[in-house]
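Here the structure is laid out as structure tokens; the discussion comes afterwards.
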Amino acid sequence: MKSRNYLIIALLSVTLIALELTWTRIFSAEYFYTFAFLTLSLAIMGLGLGALALRLFRFLDRPGILGISLSLTGLMALIGPTLVFKLSLRFSQLFSDWSMIGKFALTVVILSSAFFFGGIALARLFRDNHKEMPRLYMADLVGAGAGVLVAVWWMNQFGTPWAAFLIVLPVLLAALIASPRMLKIIPIALMIALFLMGGSAVDLISANRPERMPVIYSHWDAMAKVKLYDYGGGEARGINIDNVANSPVYAFDGNWDKPDSMRYEFGIAVDYLIKQFDSCTFLSLGAGGGVDVLQALQEGATEVHAVEINPHINYMMSHGDSSGYLDKVIPAAPRPGQDTTAIDSTVEDTAINIVTLAEFSGYIYDDPRVIVATEDARAYVRRFENKFDVIYSLSSNTWAALASGSFALAENYLFTTEAFMDYWTSLSDSGFLMMEHQFYMPRLVSEVKDALTELGVEDINSHFAVYDLPQMRRNLLLLSKRPLDDSLRYHAIFDLTPEVYDYIHLLYPAPDSLEDNLINQIVQRGWKEMADSVEIDISPCTDNRPFIAQMGKWENFTAENREKILPYEFFGFPLSKVIIVIILIVVVVMILPLNLLPYLGKGEKLRLVPWMYFFVIGMAFMIIEVILMQKYALFVGPSAYSIAIILFTLLITSGIGSRFSKKFGDSVPFTGIIIWLILDIFLLGHITSALAGMTMALRILITAILIAPLGFFMGMPFPKAALRVGTLIDWGFAVNGAASVLGATSVILVAVSYGYTAALILGGVLYLLAMLLLAGKRAW
């Protein structure tokens, strides 16, 4: 019987954590990562509410309820995302349209229901077997750890839509084990429905959205949803990532001996810089569809490093196959007034010419001059010193919540002060960095100045220039290892003449007519003097606070700006902060008071100290978990796979800690956690920086070794208290669940405002408070 309970808990936890990760991947791609964060953070509160329901409603104690609750978990996990996509949510109208608010509330109810029923089952098993809590909690954590790997593997193996159905299988197996004989038909029927629905997974798990160009290829794994556009005419295609980012691919026949008249012309040319070197080593940060690589090869670079974090994009460009090509083209949305009937009939008759992207692009990645690296660009750069003559970055970004499922907003280590220090170190003595972005340039300029100051560079303002490209709506930073003279400034990109002013001109050093522009003023006066005069946050980002996309200010939370919400903060609307505050309000105003309701009923009650203890450790555990995954992503390289390994290690070692929690004194786990946090703040960062040049496999191994002791001790506080409160553990679990959401959400606000170190200190203080609460045995 005991082993049966362990197995049921483990299977349930596999599904619950896999739901969180897979649904985050789905909704980040279909609704943008900020809205995925909002939706799933609220939905996961269902876990604690399920445990609370078990405490409040005695009919849930009846025999057979365990199997039924597990089956209902599987049912709602199976149909949840499909129902949500049927609602046709428009998050841009969330603060201005009451019907959209209603749809959003219904979305949260639908998605939280799977966690709600799962919470009932988990709390029931904990309560009925409370004397075995160290082993039960181990089964919970180990199952969750396995679920992390299962989710990533299934998304990669079968595609994210199919994985969204397959991850329901473990909880249905748990339901089959737990259900009485007469009720076993329910999980069996749901398993049959699972495989029937899986055949239409791609259609069921996607938002109905118009396409800007015909889609001829689609692939969706744990890293991204990748679509391939056909731009027509056979000259270009486009890679779309998560319905947001785009990277072009140019048709090329592999012939480099073309006359000048037939050579490609590029919007941001790099030929002048390449020709500054007899033998140019070129690095493309975020190579995407290989246009940067094509340009570098065409202009004579002798060694080209194509670095791209998404392995499938590199696979498409290097090898590719026809498996992702669609049977029928998904047509582009019609333009206003266009004859849609004609478009549909044309598409119906269109046969797709299956030419792999590698063949389409002329197999440029097979060129002996090209080194293809599937890795985070920042992690890759840190391996080299005095290596690259030209580093080239066009709108490199991470648009997904990679760091911790639904519990984090996307950080980006490519655009921090320390990143520019790494770029500078990796450049040759006369090397150049070209970095373009639509919106980040005010912050990037401040970071460059801080980085060069930290490195002791003299006359720092002479080492960079900033250009405006109005027609492309881009700004471009040129950073030079040697001081720039006018010859370089005026010829590096294009010949800057009055005739091309509308296409490109300098923002810094600015001509007299443009000396008041923001970039020039930041260089001359510093960002602090300019901060209050602009709508966006222009403070520089660091590795301790790498949230460059969080540019909003509270002063821009106006009725006018709330009419139509954009899924980013580039114009100053504080979207991330608003979302966090919404979650905090829901937890504090609604969820926490609900966790006080059992005090109004009859029977045994949790005393105030254990109630507070479960609350404090719930917050503390999630605060540290979220920050660890974001912080160590810099060392490992922020990808879905490396983050999965970090989370897996933390959960597995916590499970082991739970198993042996009885063998340690009450103060030992808290002392171990606090000592580790102190070491991390003052020592471990220096160790990881020194080892940053190692291969990814070794970095992952080192990370696992470093965080394993912390995970071991973090697994002990919950079972220690559970053994004291006995059958009241269902209530303690409910309080812990609500606090977990509160901690995981509030810590992002702390990290964005004050940095990771402050967040870790907060987690340490909460664990210290928990130790004091546990020490007062009479209050239990």
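Ordering of the structure tokens sets the chain letters (A, B, ...); residue numbers start at 1 within each chain; ligands are numbered from 1 in the order shown.
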Would you kindly return, as JSON, numbers by chain, each protein, DNA or RNA residue with an atom no farther than 7 Å from any atom of stretch 148-150 of chain A, considering only C-alpha atoms and excluding same-chain residues fewer than 6 positions away?
{"A": [17, 18, 644, 648]}
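By only C-alpha atoms, and with residues fewer than 4 positions from A:Leu166 along its chain excluded, the set lying at most 9 Å from it is Leu78, Trp154, Trp162, Pro170, Leu194, Phe195 and Gly198 of chain A.
Closest approach to A:Thr22 among A:Leu56, A:Ala222, A:Gly48, A:Leu70: A:Ala222, based on only C-alpha atoms.
If you look at atom CA of A:Tyr250 and atom CA of A:Leu414, they are 25.6 Å away from each other.
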Q: Just the helix (DSSP H, G or I) stuff from stretch 179-289 of chain A, please, per backbone DSSP, written as an NGL selection string.
A: :A and (181-183 or 185-198 or 201-204 or 260-262 or 271-274)
Note to self: Need to verify the contact set: stretch 631-635 of chain A, 9 Å, only C-alpha atoms, exclusion of same-chain residues closer than 4 positions in sequence. Can you return it as a PyMOL selection string?
What the structure shows: chain A and resi 378-379+403+412-413+543-544+626-627+639+642-643+646+688-689+691-692+696+699-700+703+756
Which one is closest to A:Lys720: A:Ile205, A:Leu584, A:Ile313, A:Val668? Count only C-alpha atoms.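 Nearest candidate to A:Lys720 out of A:Ile205, A:Leu584, A:Ile313, A:Val668: A:Val668.
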**Request:** One decimal, Å: what's the distance from atom CA of A:Leu507 over to atom CA of A:Ile519, could you say?
**Result:**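 Atom CA of A:Leu507 sits 6.4 Å away from atom CA of A:Ile519.
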Each stretch 520-553 of chain A residue no farther than 9 Å from stretch 458-476 of chain A, nearest pair in Å, only C-alpha atoms, as a tab-separated table:
```
residue	atom	partner	partner_atom	distance
A:Asn520	CA	A:Val466	CA	8.7
A:Val523	CA	A:Asn461	CA	7.4
A:Gln524	CA	A:Asn461	CA	8.8
```
Using the selection just defined, write its residues with N, CA, C and O atoms as a compact mmCIF listing (two decimals), in the first residue's frame.
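The new file result.txt reads:
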```txt
# COMPACT_ATOMS: atom_id res chain seq x y z
N ASN A 520 22.56 61.18 -27.58
CA ASN A 520 23.65 62.14 -27.42
C ASN A 520 23.66 62.72 -26.01
O ASN A 520 24.72 62.90 -25.39
N VAL A 523 25.04 60.22 -23.47
CA VAL A 523 26.50 60.15 -23.55
C VAL A 523 27.12 61.36 -22.86
O VAL A 523 28.09 61.24 -22.08
N GLN A 524 26.58 62.54 -23.13
CA GLN A 524 27.19 63.77 -22.64
C GLN A 524 26.89 64.04 -21.16
O GLN A 524 27.76 64.50 -20.42
```
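With atom CA of A:Gly145 on one side and atom CA of A:Val747 on the other, the separation reads 22.2 Å.
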